[in-house]
Structure formats: structure tokens, C-alpha cells
Amino acid sequence: MSSSTVITNIAALVTNDPSLGDNSPLGLVRDAAVVIDGDRVAWTGESSKAPATDNRLDAEGRAVLPGFVDSHSHLLFAGDRTEEFNARMSGRPYGAGGIRTTVAATRAASDEELEAGLTRYLAEALRQGTTTFETKSGYGLTVADESRALRIAARHTDEVTYLGAHIVAPEHADDPAAYVGLVTGEMLDACAPHARWIDVFCEKGAFDGDQARAILTAGKAKGLHPRIHANQLSYGPGVQLAVELDAASADHCTHLTDADVDALANSRTVATLLPGAEFSTRAEWPDARRLLDAGVTVALSTDCNPGSSFTSSVPFCIALAVRDMGMTPDEAVWSATAGGAAALRRDDIGRLTPGAFADLTLLDAPSHVHLAYRPGVPLVAGVWRRGVRVV
């Protein structure tokens, strides 16, 4: 039998339900309480009106918000790329192979080593308030290595993405068409049973628009829903392709035409922004303000990976988005919770309303604004996942 718990004396409760509290997108309730019953939220409202429950916890005037939804990460890998990062930040040329370096290390790693790395990064993210995460393959690039990565990931999350089309595998460098055939054929057959999503890196040097369309269409035929790495390094067809195929998200969205913004605004496709990548590569920031003003649904995520964004911290990404991408603190918190849920086409996470999963983050601060106001400070004081306190 499940037991119920009420958390009272919450200074500011982010529900992401505009019908509650201050009627803003955050649905902010002051002097609030939330009731957890089993793995779900049973009630939210003013603390003085909270119903009786089996257990009671005093938040002592701190803020509570939904657990972060990290809708874009690459956590199945071995090794790191410290030397590459050091060279980039020091202004020195670096001749190693980038993603190919990680591919070689990942192929050489055992299943146990890959899973140990995954669980380490998941625990790290959980301590920082992330209760739902998506993760991808993409560092194996063989049938066996891609499928084993997805099998391992599926033991830890339902949000598993097949990214055989990360780059062309080194052994197919002279015949990209053959690799696309593998990704859409034997590799897809082996990987589809372990994944919910299919992704492709649509960019110069990776896969062009026609190749990306073929890969995502093949995945759809196997029951996988598209998402896409789009318009990160240059203008290109990725965003338009995402909208055409009803992709759940177009991720990065740094280089956009007015037509790209309009297409996103008139679609269900979420623009997932990944400021950790721009921070770690000193690249141009995505213009979140432009997207939001056009009515585009925006998500924030970490893009945690060993090459371009080796951070698992959503609070860090919130601070970057507010400081450098034109987002308000409210918009950044919404995008890291409800926005991430939208990018995964989920309505049972990213909000604290009756029926949603009881995924909560308790801050050692009176307001969610402190996530941007106090960057780098470990403000997460407690985390509940599916109604169980895990931090």
C-alpha cells in the first residue's frame, strides 16, 4: 500500500499549470504545499488548505519545482577528450579525431564499463535535480556496438534514442551511401527494439538533408519517432526536415532563417537549445529570445557528451540561457522542465499537478530564480523521483 506525504511551507511552488497560482506559465503558487500519493502528485495548492496525509515534511520556506527533464544527452561512451578541450581553450591546434576518438574508446570498452559510466553520470545529474533523461547511442557505429549501447540505456530510461547516424563510421568514410544503407537496414533492425526515438546529425561533414530524410523515414517505418540535430554549425535543411517529419524536437537551432523560425512556430516540433555546447566550444549562442517571441516551444537540455558539452548540470544550462541567450529566469526554468517534457512528448512529467509523476526538486533557496541568480552554487537540497526521495 502506498503512503501519502504532504510537503508544506513551500515559499514558491512551480507547477507549470497556468490555471494555478499567479496564472503565469509557471503556475507559481506562494506559501504552497504539494501532496504525493504513491508515485504521483495528488494535490497542489496553498499550504493552509493542504489535506491530511500519512506523512508531513516542512520545506522551511524553500522553493519546489518539477524535476528537470534533460531531453538530449549522449551518455553511452568511454574515455574523455580532455586534451582536445584543453587545446581548444588554449588556442592550440589539435589533430586528434574528435567523435572518432570516442568511437574507438567506446568500441574497446566492455558492457560493464559503459554501464558504469552511464550510472555515474545519471547519479551526478540526479544530485542536480534531473529526474528524467533521454540518452542516445552514436559512439559505436557498428551493428553490435549501437545495439548494445541501446540495450544498456534501456535498463535505465524509457527515453532511448538510436543515433547510428551520428557521423559516418570510419570504415565507411569512402562510401557514405553504404553506411546510410547499414543505418537504415541491418543496424536499424537490431536497434529498433531497444529504442523509442531515432536521431540524425544533419550537418555538413555528417549527413545531408536527403540522407537524413532517408534515415528518419526508415526509423518511422520501424515505429521510432524522429528527433534531429539541426542547424548547429551552419544554416541547413535540418529544421525544415524536422517540421516536415513531425519530429518531436530539432536540437541546437543556432543558425536559423526567418523561414526556419516560422516553420517551428507553426508546428509541434520543439526547439531544444543546448547552451553547454556553445559554452564549451566558444561558439555563437542560439537566440532563444527570437524563438520565444515567435511563439516557438523551447526546451533546455545539457547535451552531455565528452566532446562538446561535458556537463550534466541543468542548473548550469539555465544560468547560461538567462545570461547569454535572452531568456528570463521563468522561461529558462519552464524550458528545462515543461519544455523538456514537450520535447519528449510527455505530459506526465515536467509539471506538478494532480496525476503527474511526483518528480520534485527542492531548492535551498526561496525562489526558482536563484538557479540563474546564484550560478554554480549547489542549490538542490532534495529530489523526489516517482514519489521516492532519492537525494
# chains A, B, ... in the order shown; residues from 1 in each chain; ligands from 1
>>> select_by_dssp(residues="region 127-290 of chain A", states="strand (DSSP E)", output="VMD selection string")
chain A and resid 130 to 133 135 to 136 160 to 165 197 to 202 225 to 226 228 to 230 249 to 252 270 to 273
>>> write_last_selection(atoms="C-alpha atoms", output="short mmCIF file (atom, residue, chain, number, x, y, z; two decimals), in the first residue's frame")
data_model
loop_
_atom_site.label_atom_id
_atom_site.label_comp_id
_atom_site.auth_asym_id
_atom_site.auth_seq_id
_atom_site.Cartn_x
_atom_site.Cartn_y
_atom_site.Cartn_z
CA THR A 130 17.33 15.82 -13.13
CA THR A 131 14.60 13.20 -12.77
CA THR A 132 14.00 12.31 -16.45
CA PHE A 133 16.64 11.99 -19.13
CA THR A 135 20.12 9.42 -23.98
CA LYS A 136 21.45 8.26 -27.32
CA VAL A 160 16.27 5.89 -25.58
CA THR A 161 17.38 7.24 -28.95
CA TYR A 162 19.04 5.36 -31.81
CA LEU A 163 21.76 7.63 -33.25
CA GLY A 164 23.60 5.34 -35.63
CA ALA A 165 23.70 8.42 -37.88
CA TRP A 197 13.43 7.58 -30.91
CA ILE A 198 15.66 7.92 -33.96
CA ASP A 199 18.04 10.83 -34.43
CA VAL A 200 20.47 12.04 -37.09
CA PHE A 201 23.21 14.67 -37.13
CA CYS A 202 22.14 16.73 -40.14
CA HIS A 225 9.79 8.73 -33.76
CA PRO A 226 12.20 11.32 -35.19
CA ILE A 228 17.19 15.68 -35.19
CA HIS A 229 20.46 17.52 -34.57
CA ALA A 230 19.69 20.58 -36.68
CA SER A 249 12.43 18.19 -31.43
CA ALA A 250 15.01 19.99 -33.52
CA ASP A 251 18.09 20.26 -31.32
CA HIS A 252 20.70 23.05 -31.28
CA VAL A 270 10.19 21.77 -30.03
CA ALA A 271 13.40 23.76 -30.43
CA THR A 272 15.80 22.22 -27.91
CA LEU A 273 18.63 24.58 -27.05
#
>>> select_by_dssp(residues="region 99-132 of chain A", states="helix (DSSP H, G or I)", output="compact mmCIF listing (two decimals) with N, CA and C atoms, in the first residue's frame")
# COMPACT_ATOMS: atom_id res chain seq x y z
N ILE A 99 34.94 13.04 -32.54
CA ILE A 99 33.98 11.97 -32.27
C ILE A 99 34.62 10.61 -32.51
N ARG A 100 35.48 10.52 -33.53
CA ARG A 100 36.11 9.22 -33.84
C ARG A 100 36.98 8.72 -32.68
N THR A 101 37.56 9.64 -31.92
CA THR A 101 38.32 9.24 -30.73
C THR A 101 37.42 8.53 -29.73
N THR A 102 36.23 9.10 -29.51
CA THR A 102 35.28 8.49 -28.58
C THR A 102 34.75 7.18 -29.14
N VAL A 103 34.56 7.10 -30.44
CA VAL A 103 34.10 5.85 -31.06
C VAL A 103 35.10 4.73 -30.79
N ALA A 104 36.38 5.02 -30.97
CA ALA A 104 37.40 3.99 -30.74
C ALA A 104 37.40 3.53 -29.29
N ALA A 105 37.30 4.46 -28.35
CA ALA A 105 37.30 4.11 -26.93
C ALA A 105 36.05 3.34 -26.55
N THR A 106 34.93 3.73 -27.12
CA THR A 106 33.66 3.06 -26.80
C THR A 106 33.63 1.64 -27.34
N ARG A 107 34.10 1.47 -28.53
CA ARG A 107 34.15 0.11 -29.10
C ARG A 107 35.03 -0.81 -28.26
N ALA A 108 36.10 -0.25 -27.68
CA ALA A 108 37.04 -1.07 -26.91
C ALA A 108 36.54 -1.35 -25.49
N ASP A 111 30.81 -3.98 -21.77
CA ASP A 111 29.46 -3.58 -21.37
C ASP A 111 29.46 -3.02 -19.96
N GLU A 112 30.21 -3.67 -19.08
CA GLU A 112 30.24 -3.24 -17.68
C GLU A 112 30.84 -1.84 -17.55
N GLU A 113 31.85 -1.54 -18.31
CA GLU A 113 32.46 -0.21 -18.27
C GLU A 113 31.50 0.85 -18.79
N LEU A 114 30.79 0.53 -19.87
CA LEU A 114 29.84 1.50 -20.41
C LEU A 114 28.70 1.76 -19.43
N GLU A 115 28.20 0.70 -18.80
CA GLU A 115 27.10 0.87 -17.87
C GLU A 115 27.55 1.61 -16.61
N ALA A 116 28.77 1.36 -16.17
CA ALA A 116 29.29 2.07 -15.00
C ALA A 116 29.40 3.57 -15.28
N GLY A 117 29.84 3.92 -16.48
CA GLY A 117 29.90 5.33 -16.85
C GLY A 117 28.52 5.95 -16.89
N LEU A 118 27.58 5.24 -17.50
CA LEU A 118 26.21 5.75 -17.58
C LEU A 118 25.63 6.00 -16.19
N THR A 119 25.75 5.04 -15.30
CA THR A 119 25.15 5.20 -13.98
C THR A 119 25.85 6.31 -13.19
N ARG A 120 27.14 6.49 -13.42
CA ARG A 120 27.86 7.59 -12.76
C ARG A 120 27.29 8.94 -13.18
N TYR A 121 27.09 9.12 -14.49
CA TYR A 121 26.58 10.41 -14.96
C TYR A 121 25.12 10.61 -14.57
N LEU A 122 24.37 9.54 -14.52
CA LEU A 122 22.98 9.65 -14.09
C LEU A 122 22.89 10.06 -12.62
N ALA A 123 23.73 9.48 -11.78
CA ALA A 123 23.74 9.85 -10.37
C ALA A 123 24.17 11.31 -10.20
N GLU A 124 25.12 11.73 -11.00
CA GLU A 124 25.59 13.11 -10.97
C GLU A 124 24.45 14.07 -11.35
N ALA A 125 23.71 13.71 -12.40
CA ALA A 125 22.58 14.55 -12.84
C ALA A 125 21.46 14.56 -11.81
N LEU A 126 21.20 13.41 -11.20
CA LEU A 126 20.13 13.32 -10.21
C LEU A 126 20.41 14.24 -9.03
N ARG A 127 21.65 14.29 -8.60
CA ARG A 127 22.01 15.18 -7.48
C ARG A 127 21.76 16.65 -7.83
>>> residues_around(residues="Gly61 (chain A)", least_positions_apart="2", cutoff="7 Å", atoms="only C-alpha atoms", output="list in words")
Asn9, Ile10, Ala11, Ala59, Ala63 and Pro366 of chain A
>>> closest_atom_pairs(of="region 128-169 of chain A", to="region 178-181 of chain A", cutoff="10 Å", atoms="only C-alpha atoms", output="tab-separated table")
residue	atom	partner	partner_atom	distance
A:Leu141	CA	A:Tyr179	CA	9.2
A:Thr142	CA	A:Tyr179	CA	9.7
A:Gly164	CA	A:Val180	CA	9.1
A:Ala165	CA	A:Val180	CA	7.6
A:Ile167	CA	A:Tyr179	CA	9.6
A:Val168	CA	A:Tyr179	CA	6.5
A:Ala169	CA	A:Tyr179	CA	7.1
>>> closest_residue(among="A:Leu360, A:Ala332, A:Ala190, A:Ala294", to="Ala381 (chain A)", atoms="only C-alpha atoms")
A:Leu360
>>> closest_atom_pairs(of="region 217-303 of chain A", to="region 79-95 of chain A", cutoff="9 Å", atoms="only C-alpha atoms", output="JSON lines")
{"residue": "A:Ser280", "atom": "CA", "partner": "A:Phe85", "partner_atom": "CA", "distance": 7.8}
{"residue": "A:Thr281", "atom": "CA", "partner": "A:Arg88", "partner_atom": "CA", "distance": 7.5}
{"residue": "A:Arg282", "atom": "CA", "partner": "A:Met89", "partner_atom": "CA", "distance": 8.4}
>>> write_last_selection(atoms="C-alpha atoms", output="compact mmCIF listing (two decimals), in the first residue's frame")
# COMPACT_ATOMS: atom_id res chain seq x y z
CA SER A 280 32.44 24.54 -24.27
CA THR A 281 33.26 25.42 -27.89
CA ARG A 282 33.07 29.24 -27.68
>>> closest_residue(among="A:Asp174, A:Glu46, A:Asp364, A:Asp17", to="Arg30 (chain A)", atoms="only C-alpha atoms")
A:Glu46
>>> closest_residue(among="A:Phe279, A:Trp384, A:Phe357, A:Trp334", to="Leu292 (chain A)", atoms="only C-alpha atoms")
A:Trp334
>>> closest_residue(among="A:Arg386, A:Tyr139, A:Leu28, A:Phe310", to="Asn16 (chain A)", atoms="only C-alpha atoms")
A:Leu28
>>> closest_residue(among="A:Ile349, A:Ala177, A:Ala365, A:Val377", to="Leu13 (chain A)", atoms="only C-alpha atoms")
A:Ala365
>>> closest_residue(among="A:Ala50, A:Val183, A:Lys204, A:Cys191", to="Ile152 (chain A)", atoms="only C-alpha atoms")
A:Cys191
>>> residues_around(residues="Leu256 (chain A)", least_positions_apart="5", cutoff="12 Å", atoms="only C-alpha atoms", output="PyMOL selection string")
chain A and resi 230-240+250-251+261-264+271+285-288+290-291
>>> residues_around(residues="Cys304 (chain A)", least_positions_apart="2", cutoff="10 Å", atoms="only C-alpha atoms", output="ChimeraX atom specification")
/A:70,72-75,121,125,135,274,276-277,301-302,306-314
>>> decode(residues="region 159-180 of chain A", atoms="N, CA and C atoms", output="mmCIF file, in the first residue's frame")
data_model
loop_
_atom_site.group_PDB
_atom_site.id
_atom_site.type_symbol
_atom_site.label_atom_id
_atom_site.label_comp_id
_atom_site.auth_asym_id
_atom_site.auth_seq_id
_atom_site.Cartn_x
_atom_site.Cartn_y
_atom_site.Cartn_z
ATOM 1 N N GLU A 159 13.466 6.726 -22.355
ATOM 2 C CA GLU A 159 13.715 7.700 -23.425
ATOM 3 C C GLU A 159 15.060 7.409 -24.079
ATOM 4 N N VAL A 160 15.054 6.377 -24.932
ATOM 5 C CA VAL A 160 16.269 5.885 -25.576
ATOM 6 C C VAL A 160 16.226 6.237 -27.064
ATOM 7 N N THR A 161 17.323 6.772 -27.565
ATOM 8 C CA THR A 161 17.379 7.237 -28.951
ATOM 9 C C THR A 161 18.479 6.522 -29.731
ATOM 10 N N TYR A 162 18.102 5.997 -30.885
ATOM 11 C CA TYR A 162 19.042 5.358 -31.812
ATOM 12 C C TYR A 162 19.686 6.450 -32.671
ATOM 13 N N LEU A 163 21.011 6.624 -32.502
ATOM 14 C CA LEU A 163 21.763 7.627 -33.250
ATOM 15 C C LEU A 163 22.913 6.964 -34.003
ATOM 16 N N GLY A 164 22.587 5.926 -34.768
ATOM 17 C CA GLY A 164 23.604 5.342 -35.633
ATOM 18 C C GLY A 164 24.132 6.359 -36.623
ATOM 19 N N ALA A 165 23.314 7.358 -36.937
ATOM 20 C CA ALA A 165 23.696 8.421 -37.876
ATOM 21 C C ALA A 165 24.257 9.625 -37.125
ATOM 22 N N HIS A 166 25.273 9.375 -36.310
ATOM 23 C CA HIS A 166 25.980 10.463 -35.610
ATOM 24 C C HIS A 166 27.023 11.049 -36.555
ATOM 25 N N ILE A 167 27.910 10.201 -37.023
ATOM 26 C CA ILE A 167 28.801 10.509 -38.135
ATOM 27 C C ILE A 167 28.891 9.246 -38.978
ATOM 28 N N VAL A 168 29.482 9.340 -40.144
ATOM 29 C CA VAL A 168 29.756 8.148 -40.944
ATOM 30 C C VAL A 168 30.867 7.368 -40.249
ATOM 31 N N ALA A 169 30.637 6.082 -40.039
ATOM 32 C CA ALA A 169 31.635 5.255 -39.358
ATOM 33 C C ALA A 169 32.966 5.312 -40.114
ATOM 34 N N PRO A 170 34.092 5.312 -39.387
ATOM 35 C CA PRO A 170 35.403 5.464 -40.038
ATOM 36 C C PRO A 170 35.650 4.476 -41.161
ATOM 37 N N GLU A 171 35.201 3.239 -40.982
ATOM 38 C CA GLU A 171 35.456 2.227 -42.012
ATOM 39 C C GLU A 171 34.606 2.426 -43.263
ATOM 40 N N HIS A 172 33.624 3.338 -43.194
ATOM 41 C CA HIS A 172 32.799 3.640 -44.371
ATOM 42 C C HIS A 172 33.062 5.049 -44.900
ATOM 43 N N ALA A 173 34.174 5.645 -44.482
ATOM 44 C CA ALA A 173 34.443 7.047 -44.839
ATOM 45 C C ALA A 173 34.441 7.276 -46.345
ATOM 46 N N ASP A 174 34.853 6.272 -47.110
ATOM 47 C CA ASP A 174 34.917 6.426 -48.563
ATOM 48 C C ASP A 174 33.619 6.035 -49.256
ATOM 49 N N ASP A 175 32.656 5.564 -48.486
ATOM 50 C CA ASP A 175 31.385 5.141 -49.090
ATOM 51 C C ASP A 175 30.228 5.462 -48.144
ATOM 52 N N PRO A 176 29.916 6.757 -47.980
ATOM 53 C CA PRO A 176 28.845 7.135 -47.059
ATOM 54 C C PRO A 176 27.501 6.500 -47.399
ATOM 55 N N ALA A 177 27.240 6.287 -48.663
ATOM 56 C CA ALA A 177 25.961 5.688 -49.052
ATOM 57 C C ALA A 177 25.816 4.289 -48.478
ATOM 58 N N ALA A 178 26.918 3.548 -48.451
ATOM 59 C CA ALA A 178 26.871 2.207 -47.865
ATOM 60 C C ALA A 178 26.568 2.280 -46.376
ATOM 61 N N TYR A 179 27.114 3.309 -45.710
ATOM 62 C CA TYR A 179 26.838 3.439 -44.281
ATOM 63 C C TYR A 179 25.380 3.825 -44.036
ATOM 64 N N VAL A 180 24.840 4.710 -44.860
ATOM 65 C CA VAL A 180 23.419 5.041 -44.732
ATOM 66 C C VAL A 180 22.577 3.782 -44.922
#
